[in-house]
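> Please find query.txt (compact mmCIF, C-alpha atoms) on the next line:
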# COMPACT_ATOMS: atom_id res chain seq x y z
CA MET P 1 -88.69 -98.75 60.26
CA THR P 2 -87.44 -100.12 63.57
CA ARG P 3 -84.64 -101.87 61.74
CA ASN P 4 -83.68 -98.70 59.93
CA ARG P 5 -83.62 -96.86 63.20
CA SER P 6 -81.48 -99.45 64.92
CA ILE P 7 -79.07 -99.43 61.98
CA SER P 8 -78.71 -95.69 62.19
CA VAL P 9 -78.25 -95.90 65.95
CA VAL P 10 -75.49 -98.46 65.50
CA ALA P 11 -73.89 -96.42 62.72
CA GLY P 12 -74.05 -93.32 64.87
CA LEU P 13 -72.43 -95.13 67.79
CA VAL P 14 -69.67 -96.50 65.59
CA ALA P 15 -68.99 -93.02 64.19
CA LEU P 16 -68.98 -91.53 67.66
CA THR P 17 -66.62 -94.17 69.03
CA THR P 18 -64.22 -93.76 66.13
CA LEU P 19 -64.26 -90.00 66.51
CA THR P 20 -63.71 -89.99 70.26
CA GLN P 21 -60.98 -92.58 69.87
CA CYS P 22 -59.35 -90.27 67.35
CA PHE P 23 -59.48 -87.36 69.73
CA THR P 24 -58.35 -89.42 72.69
CA ASN P 25 -55.34 -90.67 70.79
CA ARG P 26 -54.38 -87.20 69.71
CA LYS P 27 -54.84 -86.02 73.22
CA ASN P 28 -52.53 -88.74 74.55
CA GLU P 29 -49.91 -88.01 71.94
CA GLY P 30 -48.11 -85.46 74.11
CA GLU P 31 -48.08 -87.81 77.06
CA LYS P 32 -46.68 -90.66 74.96
CA LEU P 33 -43.92 -88.41 73.68
CA TYR P 34 -43.16 -87.30 77.22
CA VAL P 35 -42.94 -90.86 78.51
CA ALA P 36 -40.72 -91.92 75.60
CA ASN P 37 -38.36 -88.95 75.56
CA CYS P 38 -38.40 -86.95 78.76
CA GLN P 39 -39.62 -89.01 81.68
CA SER P 40 -36.44 -90.90 82.50
CA CYS P 41 -34.75 -87.64 83.48
CA HIS P 42 -37.58 -85.25 84.37
CA MET P 43 -39.49 -88.03 86.20
CA GLU P 44 -43.11 -89.17 86.01
CA ASP P 45 -44.33 -86.19 87.99
CA GLY P 46 -42.05 -83.65 86.31
CA SER P 47 -40.14 -83.09 89.54
CA GLY P 48 -36.64 -83.45 88.04
CA LEU P 49 -33.71 -84.52 90.22
CA ARG P 50 -32.68 -82.10 92.97
CA GLY P 51 -29.93 -79.74 91.69
CA LEU P 52 -29.11 -81.91 88.69
CA ILE P 53 -32.18 -81.98 86.49
CA PRO P 54 -34.59 -79.05 86.58
CA PRO P 55 -38.27 -79.64 87.33
CA LEU P 56 -41.00 -79.07 84.78
CA ALA P 57 -43.68 -79.07 87.45
CA LYS P 58 -44.64 -75.48 88.23
CA ALA P 59 -41.44 -74.30 86.57
CA ASP P 60 -41.28 -70.55 85.96
CA TYR P 61 -38.91 -71.28 83.08
CA LEU P 62 -41.81 -72.58 80.99
CA GLN P 63 -43.44 -69.17 81.04
CA LEU P 64 -40.32 -66.97 81.11
CA HIS P 65 -38.76 -68.75 78.13
CA ARG P 66 -41.93 -69.87 76.37
CA GLU P 67 -40.79 -68.81 72.91
CA GLU P 68 -37.43 -70.59 73.18
CA LEU P 69 -38.90 -73.94 74.15
CA PRO P 70 -39.58 -75.38 70.66
CA CYS P 71 -35.90 -74.89 69.71
CA LEU P 72 -34.83 -76.21 73.07
CA ILE P 73 -36.80 -79.43 72.56
CA ARG P 74 -35.49 -79.94 69.05
CA HIS P 75 -31.84 -78.97 69.52
CA GLY P 76 -31.23 -79.46 73.22
CA ILE P 77 -29.55 -77.10 75.63
CA SER P 78 -26.27 -76.80 77.49
CA GLY P 79 -24.82 -74.34 79.97
CA GLU P 80 -26.32 -72.70 83.01
CA ILE P 81 -30.01 -72.07 83.39
CA VAL P 82 -32.07 -70.90 86.36
CA VAL P 83 -35.38 -72.57 87.16
CA ASN P 84 -37.45 -71.43 90.14
CA GLY P 85 -34.42 -69.65 91.55
CA GLN P 86 -32.14 -72.69 91.40
CA GLU P 87 -29.18 -72.89 89.03
CA TYR P 88 -28.79 -75.99 86.83
CA ASN P 89 -26.00 -76.93 84.47
CA LYS P 90 -26.47 -80.19 82.69
CA GLU P 91 -26.66 -80.82 79.01
CA MET P 92 -30.02 -81.90 77.62
CA PRO P 93 -29.88 -83.71 74.29
CA GLY P 94 -32.15 -82.45 71.50
CA LEU P 95 -34.89 -84.46 69.84
CA GLU P 96 -33.96 -83.66 66.25
CA ARG P 97 -36.25 -86.30 64.77
CA LEU P 98 -39.43 -84.89 66.29
CA GLN P 99 -41.78 -83.44 63.70
CA LEU P 100 -43.61 -80.15 64.04
CA ASP P 101 -46.80 -81.73 65.36
CA ASP P 102 -44.82 -83.82 67.84
CA VAL P 103 -43.02 -80.78 69.22
CA THR P 104 -46.35 -78.97 69.55
CA ASN P 105 -48.10 -81.88 71.27
CA LEU P 106 -45.21 -82.43 73.64
CA LEU P 107 -44.98 -78.77 74.60
CA ASN P 108 -48.72 -78.49 75.11
CA TYR P 109 -48.65 -81.55 77.31
CA ILE P 110 -45.89 -80.08 79.47
CA GLN P 111 -47.48 -76.62 79.62
CA THR P 112 -50.80 -78.02 80.83
CA ASN P 113 -49.71 -80.85 83.18
CA PHE P 114 -47.61 -81.28 86.35
CA GLY P 115 -49.52 -78.45 87.98
CA ASN P 116 -48.85 -76.12 85.02
CA ASP P 117 -51.68 -74.12 83.55
CA ASN P 118 -49.87 -72.20 80.85
CA GLN P 119 -50.82 -70.96 77.39
CA ARG P 120 -50.87 -73.63 74.69
CA TYR P 121 -49.09 -73.37 71.33
CA THR P 122 -50.59 -73.58 67.87
CA MET P 123 -48.71 -75.50 65.20
CA THR P 124 -48.21 -72.30 63.19
CA GLU P 125 -46.64 -70.63 66.19
CA VAL P 126 -44.28 -73.54 66.83
CA GLU P 127 -43.38 -73.63 63.14
CA GLU P 128 -42.43 -69.96 63.17
CA LEU P 129 -40.44 -70.32 66.36
CA LEU P 130 -38.58 -73.35 65.00
CA GLU P 131 -37.62 -71.42 61.88
CA SER P 132 -35.70 -68.88 63.91
CA CYS P 133 -33.75 -71.20 66.18
CA PRO P 134 -30.36 -69.77 67.16
CA ALA P 135 -27.23 -71.52 65.83
CA HIS P 136 -26.71 -74.80 67.63
CA MET M 1 -73.86 -122.85 142.78
CA ILE M 2 -74.91 -120.46 140.08
CA ASN M 3 -72.15 -118.16 141.13
CA ARG M 4 -69.53 -120.86 140.93
CA ASN M 5 -70.70 -121.82 137.46
CA LYS M 6 -70.35 -118.25 136.35
CA LEU M 7 -66.93 -118.09 137.81
CA SER M 8 -65.65 -121.19 136.10
CA LEU M 9 -67.16 -120.02 132.83
CA ARG M 10 -65.28 -116.79 133.20
CA ARG M 11 -62.12 -118.70 134.02
CA LEU M 12 -62.62 -120.92 131.02
CA LEU M 13 -63.05 -117.91 128.78
CA PHE M 14 -59.99 -116.29 130.24
CA ALA M 15 -57.90 -119.41 129.78
CA ALA M 16 -59.16 -119.80 126.24
CA SER M 17 -58.33 -116.24 125.31
CA LEU M 18 -54.91 -116.61 126.90
CA THR M 19 -54.19 -119.71 124.87
CA LEU M 20 -55.40 -117.97 121.76
CA THR M 21 -53.24 -114.92 122.36
CA ALA M 22 -50.24 -117.05 123.16
CA GLY M 23 -50.84 -119.07 120.02
CA MET M 24 -51.02 -115.93 117.93
CA PHE M 25 -47.89 -114.61 119.54
CA TYR M 26 -46.05 -117.81 118.95
CA SER M 27 -47.00 -118.13 115.31
CA CYS M 28 -46.19 -114.48 114.71
CA SER M 29 -42.78 -114.59 116.31
CA GLU M 30 -42.03 -117.82 114.53
CA SER M 31 -42.72 -116.36 111.09
CA ALA M 32 -40.82 -113.23 112.04
CA ALA M 33 -37.85 -115.35 113.00
CA GLU M 34 -38.00 -117.08 109.64
CA GLU M 35 -38.07 -113.76 107.82
CA ALA M 36 -35.36 -112.26 109.94
CA LYS M 37 -32.53 -113.57 107.82
CA LEU M 38 -31.57 -112.47 104.34
CA PRO M 39 -30.01 -115.06 102.03
CA ILE M 40 -26.33 -114.96 101.11
CA LEU M 41 -26.26 -114.67 97.33
CA GLY M 42 -23.75 -115.87 94.76
CA ASN M 43 -21.71 -119.00 94.27
CA ARG M 44 -20.79 -121.08 97.24
CA GLU M 45 -18.21 -123.81 97.45
CA PRO M 46 -17.88 -126.55 99.99
CA VAL M 47 -14.44 -126.60 101.57
CA GLU M 48 -13.28 -129.69 103.39
CA ARG M 49 -10.99 -129.51 106.35
CA VAL M 50 -9.93 -131.98 108.97
CA VAL M 51 -10.68 -131.29 112.60
CA GLU M 52 -9.44 -133.81 115.15
CA GLY M 53 -9.28 -136.57 112.58
CA GLN M 54 -12.81 -135.83 111.30
CA THR M 55 -13.53 -134.29 107.90
CA VAL M 56 -15.74 -131.22 108.24
CA VAL M 57 -17.31 -129.42 105.28
CA ASP M 58 -17.46 -125.64 105.47
CA THR M 59 -19.32 -123.46 103.00
CA LEU M 60 -17.28 -120.72 101.40
CA TYR M 61 -19.60 -117.91 100.35
CA HIS M 62 -19.07 -115.52 97.49
CA GLN M 63 -17.26 -112.46 98.85
CA ILE M 64 -16.47 -109.01 97.44
CA PRO M 65 -12.66 -108.81 97.04
CA ASP M 66 -10.48 -105.91 98.21
CA PHE M 67 -10.87 -102.72 96.21
CA ALA M 68 -9.52 -99.18 96.13
CA PHE M 69 -11.24 -96.27 94.42
CA VAL M 70 -11.29 -92.49 94.86
CA ASN M 71 -14.38 -90.58 95.96
CA GLN M 72 -15.74 -87.08 95.29
CA ASP M 73 -13.44 -85.63 97.97
CA SER M 74 -10.33 -87.30 96.48
CA GLN M 75 -10.34 -89.67 99.45
CA GLN M 76 -9.47 -93.29 98.95
CA VAL M 77 -12.41 -95.63 99.43
CA THR M 78 -11.62 -99.28 100.17
CA GLN M 79 -13.28 -102.24 101.85
CA GLU M 80 -12.01 -100.71 105.11
CA THR M 81 -14.32 -97.73 104.58
CA PHE M 82 -17.23 -100.13 105.09
CA ALA M 83 -15.77 -102.24 107.89
CA GLY M 84 -18.43 -103.18 110.41
CA LYS M 85 -21.15 -101.49 108.33
CA LEU M 86 -23.51 -102.52 105.59
CA TYR M 87 -23.68 -100.70 102.30
CA VAL M 88 -25.81 -100.35 99.22
CA THR M 89 -23.97 -100.05 95.94
CA ASP M 90 -24.77 -99.31 92.31
CA PHE M 91 -23.13 -98.50 88.95
CA PHE M 92 -23.94 -95.38 86.93
CA PHE M 93 -22.42 -92.47 85.05
CA THR M 94 -23.17 -88.78 85.38
CA THR M 95 -24.11 -88.18 81.73
CA CYS M 96 -26.38 -91.22 81.52
CA PRO M 97 -29.58 -90.28 79.70
CA THR M 98 -31.54 -93.44 80.45
CA ILE M 99 -32.08 -95.12 83.82
CA CYS M 100 -29.56 -93.28 86.02
CA PRO M 101 -31.68 -90.28 87.05
CA LYS M 102 -34.40 -92.70 88.11
CA MET M 103 -31.88 -94.80 90.02
CA LYS M 104 -30.50 -91.74 91.73
CA SER M 105 -33.96 -90.52 92.72
CA GLN M 106 -34.61 -93.95 94.23
CA MET M 107 -31.20 -94.08 95.95
CA LEU M 108 -32.06 -90.70 97.47
CA ARG M 109 -34.98 -92.42 99.20
CA VAL M 110 -32.56 -94.88 100.81
CA TYR M 111 -30.25 -91.97 101.69
CA GLU M 112 -33.02 -89.97 103.34
CA GLN M 113 -34.23 -93.01 105.25
CA TYR M 114 -30.82 -93.92 106.69
CA LYS M 115 -28.87 -90.68 106.65
CA ASP M 116 -28.74 -90.59 110.45
CA ASN M 117 -27.65 -94.20 110.80
CA PRO M 118 -23.82 -94.42 110.72
CA ASN M 119 -23.97 -98.17 110.04
CA VAL M 120 -25.52 -97.75 106.60
CA LEU M 121 -23.43 -96.33 103.74
CA LEU M 122 -23.97 -95.85 100.02
CA LEU M 123 -21.43 -96.43 97.24
CA SER M 124 -22.00 -95.39 93.62
CA HIS M 125 -19.37 -96.42 91.05
CA SER M 126 -18.97 -94.48 87.84
CA ILE M 127 -18.64 -96.78 84.84
CA ASP M 128 -17.39 -93.81 82.79
CA PRO M 129 -14.38 -92.92 84.96
CA THR M 130 -12.62 -91.06 82.13
CA HIS M 131 -15.36 -88.44 82.04
CA ASP M 132 -16.45 -88.73 85.64
CA THR M 133 -13.41 -87.27 87.34
CA VAL M 134 -13.30 -86.37 91.03
CA ALA M 135 -14.38 -82.81 90.15
CA VAL M 136 -17.36 -84.03 88.10
CA LEU M 137 -18.43 -86.38 90.88
CA LYS M 138 -18.04 -83.63 93.47
CA ASP M 139 -20.34 -81.37 91.50
CA TYR M 140 -22.80 -84.22 90.99
CA ALA M 141 -22.94 -85.05 94.71
CA ALA M 142 -23.23 -81.39 95.66
CA ARG M 143 -26.16 -80.95 93.29
CA LEU M 144 -27.84 -83.98 94.85
CA ASN M 145 -27.21 -82.27 98.18
CA VAL M 146 -25.76 -85.37 99.83
CA THR M 147 -22.78 -85.70 102.17
CA SER M 148 -19.66 -87.65 101.29
CA ASP M 149 -19.32 -89.43 104.64
CA LYS M 150 -22.60 -91.17 103.85
CA TRP M 151 -22.67 -91.52 100.07
CA HIS M 152 -19.41 -92.18 98.20
CA PHE M 153 -19.32 -91.50 94.46
CA VAL M 154 -16.21 -93.22 93.19
CA THR M 155 -14.06 -93.25 90.09
CA GLY M 156 -10.94 -95.29 89.35
CA GLU M 157 -9.31 -97.62 86.86
CA LYS M 158 -11.93 -98.56 84.32
CA ASP M 159 -10.93 -102.22 84.37
CA SER M 160 -11.08 -102.41 88.16
CA ILE M 161 -14.56 -100.90 88.17
CA TYR M 162 -15.87 -103.25 85.49
CA ASP M 163 -14.23 -106.14 87.25
CA ILE M 164 -15.75 -105.37 90.64
CA ALA M 165 -19.15 -104.94 88.97
CA THR M 166 -19.09 -108.62 88.06
CA LYS M 167 -18.28 -109.41 91.70
CA TYR M 168 -21.43 -107.55 92.71
CA MET M 169 -23.17 -109.56 89.95
CA VAL M 170 -24.00 -106.37 88.05
CA THR M 171 -23.73 -105.91 84.29
CA ALA M 172 -21.60 -102.97 83.22
CA MET M 173 -19.77 -102.52 79.94
CA GLU M 174 -19.09 -100.09 77.16
CA ASP M 175 -21.39 -100.33 74.16
CA GLU M 176 -21.49 -97.75 71.41
CA GLN M 177 -24.94 -98.95 70.36
CA GLU M 178 -26.40 -98.00 73.71
CA ALA M 179 -27.70 -94.50 74.49
CA GLY M 180 -24.90 -92.77 76.36
CA GLY M 181 -22.33 -95.36 75.27
CA PHE M 182 -22.60 -97.80 78.16
CA VAL M 183 -24.85 -100.68 79.04
CA HIS M 184 -25.44 -101.38 82.68
CA SER M 185 -28.09 -102.76 84.95
CA GLY M 186 -30.00 -100.58 87.38
CA ALA M 187 -29.36 -102.92 90.27
CA PHE M 188 -28.89 -101.85 93.88
CA VAL M 189 -26.80 -104.40 95.75
CA LEU M 190 -26.94 -104.83 99.52
CA VAL M 191 -23.64 -105.93 101.06
CA ASP M 192 -23.04 -106.98 104.67
CA GLU M 193 -20.05 -106.41 106.94
CA ASN M 194 -18.53 -109.72 105.82
CA ARG M 195 -18.65 -108.48 102.22
CA HIS M 196 -21.36 -110.96 101.30
CA VAL M 197 -24.10 -109.95 98.88
CA ARG M 198 -27.39 -110.14 100.75
CA GLY M 199 -29.84 -108.66 98.26
CA VAL M 200 -30.14 -107.41 94.69
CA TYR M 201 -32.92 -104.94 93.83
CA ASP M 202 -34.00 -103.13 90.67
CA GLY M 203 -33.10 -99.53 91.46
CA THR M 204 -35.49 -98.18 88.84
CA LYS M 205 -38.59 -99.66 90.51
CA PRO M 206 -39.99 -97.96 93.63
CA GLU M 207 -41.52 -101.20 94.95
CA GLU M 208 -38.16 -102.99 94.69
CA VAL M 209 -36.52 -100.14 96.56
CA ASP M 210 -39.26 -100.40 99.20
CA ARG M 211 -38.13 -104.00 99.66
CA LEU M 212 -34.52 -102.85 100.05
CA ILE M 213 -35.51 -100.20 102.59
CA ASN M 214 -37.31 -102.92 104.56
CA ASP M 215 -34.45 -105.42 104.27
CA ILE M 216 -31.83 -103.05 105.70
CA PRO M 217 -33.14 -103.22 109.32
CA VAL M 218 -33.24 -107.02 109.05
CA LEU M 219 -29.57 -107.07 108.15
CA LEU M 220 -28.70 -104.41 110.74
CA LYS M 221 -30.34 -106.55 113.39
CA GLU M 222 -28.44 -109.65 112.29
CA GLN M 223 -25.12 -107.76 112.39
CA ASN M 224 -26.01 -106.31 115.75
CA ASP M 225 -26.89 -109.72 117.20
CA GLN M 226 -23.50 -111.09 116.18
CA LYS M 227 -21.63 -108.44 118.14
Kindly transcribe the structure held in the file into structure tokens.

Amino acid sequence: MTRNRSISVVAGLVALTTLTQCFTNRKNEGEKLYVANCQSCHMEDGSGLRGLIPPLAKADYLQLHREELPCLIRHGISGEIVVNGQEYNKEMPGLERLQLDDVTNLLNYIQTNFGNDNQRYTMTEVEELLESCPAH
Amino acid sequence: MINRNKLSLRRLLFAASLTLTAGMFYSCSESAAEEAKLPILGNREPVERVVEGQTVVDTLYHQIPDFAFVNQDSQQVTQETFAGKLYVTDFFFTTCPTICPKMKSQMLRVYEQYKDNPNVLLLSHSIDPTHDTVAVLKDYAARLNVTSDKWHFVTGEKDSIYDIATKYMVTAMEDEQEAGGFVHSGAFVLVDENRHVRGVYDGTKPEEVDRLINDIPVLLKEQNDQK
């Protein structure tokens, strides 16, 4: 009886650990993608680089252009943009190889970190937005 | 009697504390004196010469040769630009997608720290001079909001830039395999008024740049003492 109970306790713990680990990993996915693909230019704290590289931290652009962001991540951007009242003009390369779930995780990470508290995306939403990317 | 004892005890204590303080002072100033000199980096060769019939051996230190580049204001920048000053130099290119933004954010820390000191200058060489024209560099510097009398962004003959990079002991070369098309180190190099390299720091690491920011006054003091 005691043995049975201890076995079930152990089994329960193992299941719980595996599950939380699963969730934790998924949760860190966006951060990993950010570190690998964005951080060298947008910096660890999302502050960007003065007038050269726009900030992500508390950037109005994230809300004003929310629906364009999936395409922007995948295909990059060039030309003038205005972020928090400051003009920027530097080409950002696209991340063509990122899959749908990667784009979603990355965007959700950016929208909810660096002092941002913006609406998250669902995968379906990102999928639809990616389907209607303008010619690039 | 009791009074005298008290007095001498007090004197003893006073003398002891004085010795202690002096000792502390001495040891402190001694270690400070040891620290107060940065090494001269690079190859050195002994050079023999004869003085009054005696052979004397001098050490010839590695020295940055003459150079001539053009900065963001189309002004020529040469070794004369830095005469009597110390400077921090690096190699980058404006379209670099990897370590350059980090390097520039760290160089900005040095800039902010010493922007009011006329004896400290900054020199950034473009290793992609074909793309990084004077106009491109001018826009780049303006967007960083830095002044050209303090921070020179230079372009020039590609070969001359790659050649001088080796003199600063920095890696810089074209490589199609590399992101952005160039491979280069993120080093910040500290150069004194005699064009000797006095420190090499990893410009992508904040703690290394802290070290540079702390080394600059040491070198300034040395240069000042020699005047």
> Return the single residue from M:Pro101, M:Lys37, M:Leu60, M:Gly84 that is closest to Cys38 (chain P), with distances computed using all atoms listed in the file.
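Under the stated criterion, the closest residue is M:Pro101.
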> Could you list the residues in chain P lying within 8 Å of chain M, using all atoms listed in the file, and format the result as a list in words?
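Putting it all together, I get Ser40, Cys41, Met43, Leu49, Arg50, Gly51 and Leu52 of chain P.
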> Draw an axis-aligned box over all listed atoms of region 194-209 of chain M, pad each side with 6 Å, and write its centre and edge lengths in Å, one decimal, as JSON.

{"center_x": -30.0, "center_y": -104.5, "center_z": 97.3, "size_x": 35.0, "size_y": 25.0, "size_z": 29.0}
> Find the distance between CA of Ile81 (chain P) and CA of Pro134 (chain P) and write it in Å to one decimal.
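So the answer is 16.4 Å.
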> Could you tell me how far CA of Thr166 (chain M) lies from CA of Glu80 (chain M), in Å and to one decimal?
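CA of Glu80 (chain M) lies at a distance of 20.1 Å from CA of Thr166 (chain M).
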> Kindly indicate which residue among M:Ile127, M:Ala135, M:Val146, M:Val218 lies nearest to Met173 (chain M), using all atoms listed in the file for the distances.
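Distance minimum relative to Met173 (chain M) lands on M:Ile127.
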> Mind checking which residues fall within 9 Å of Gln63 (chain P), counting all atoms listed in the file, ignoring those fewer than 2 positions away in the same chain, and posting them as number ranges by chain?
P: 59-61, 65-67, 111, 118-119
> Any idea what the distance is between CA of Leu123 (chain M) and CA of Leu190 (chain M)?
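Atom-to-atom, CA of Leu123 (chain M) to CA of Leu190 (chain M), that is 10.3 Å.
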> Which one is closest to Ser78 (chain P): P:Ile53, P:Glu131, P:Leu100, P:Phe114? Count all atoms listed in the file.
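For Ser78 (chain P), the nearest of the given residues is P:Ile53.
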> Find, counting all atoms listed in the file, the residue in M:Tyr111, M:Phe92, M:Tyr61, M:Tyr201 that gets nearest to Ser148 (chain M).
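Smallest distance to Ser148 (chain M) is found for M:Tyr111.
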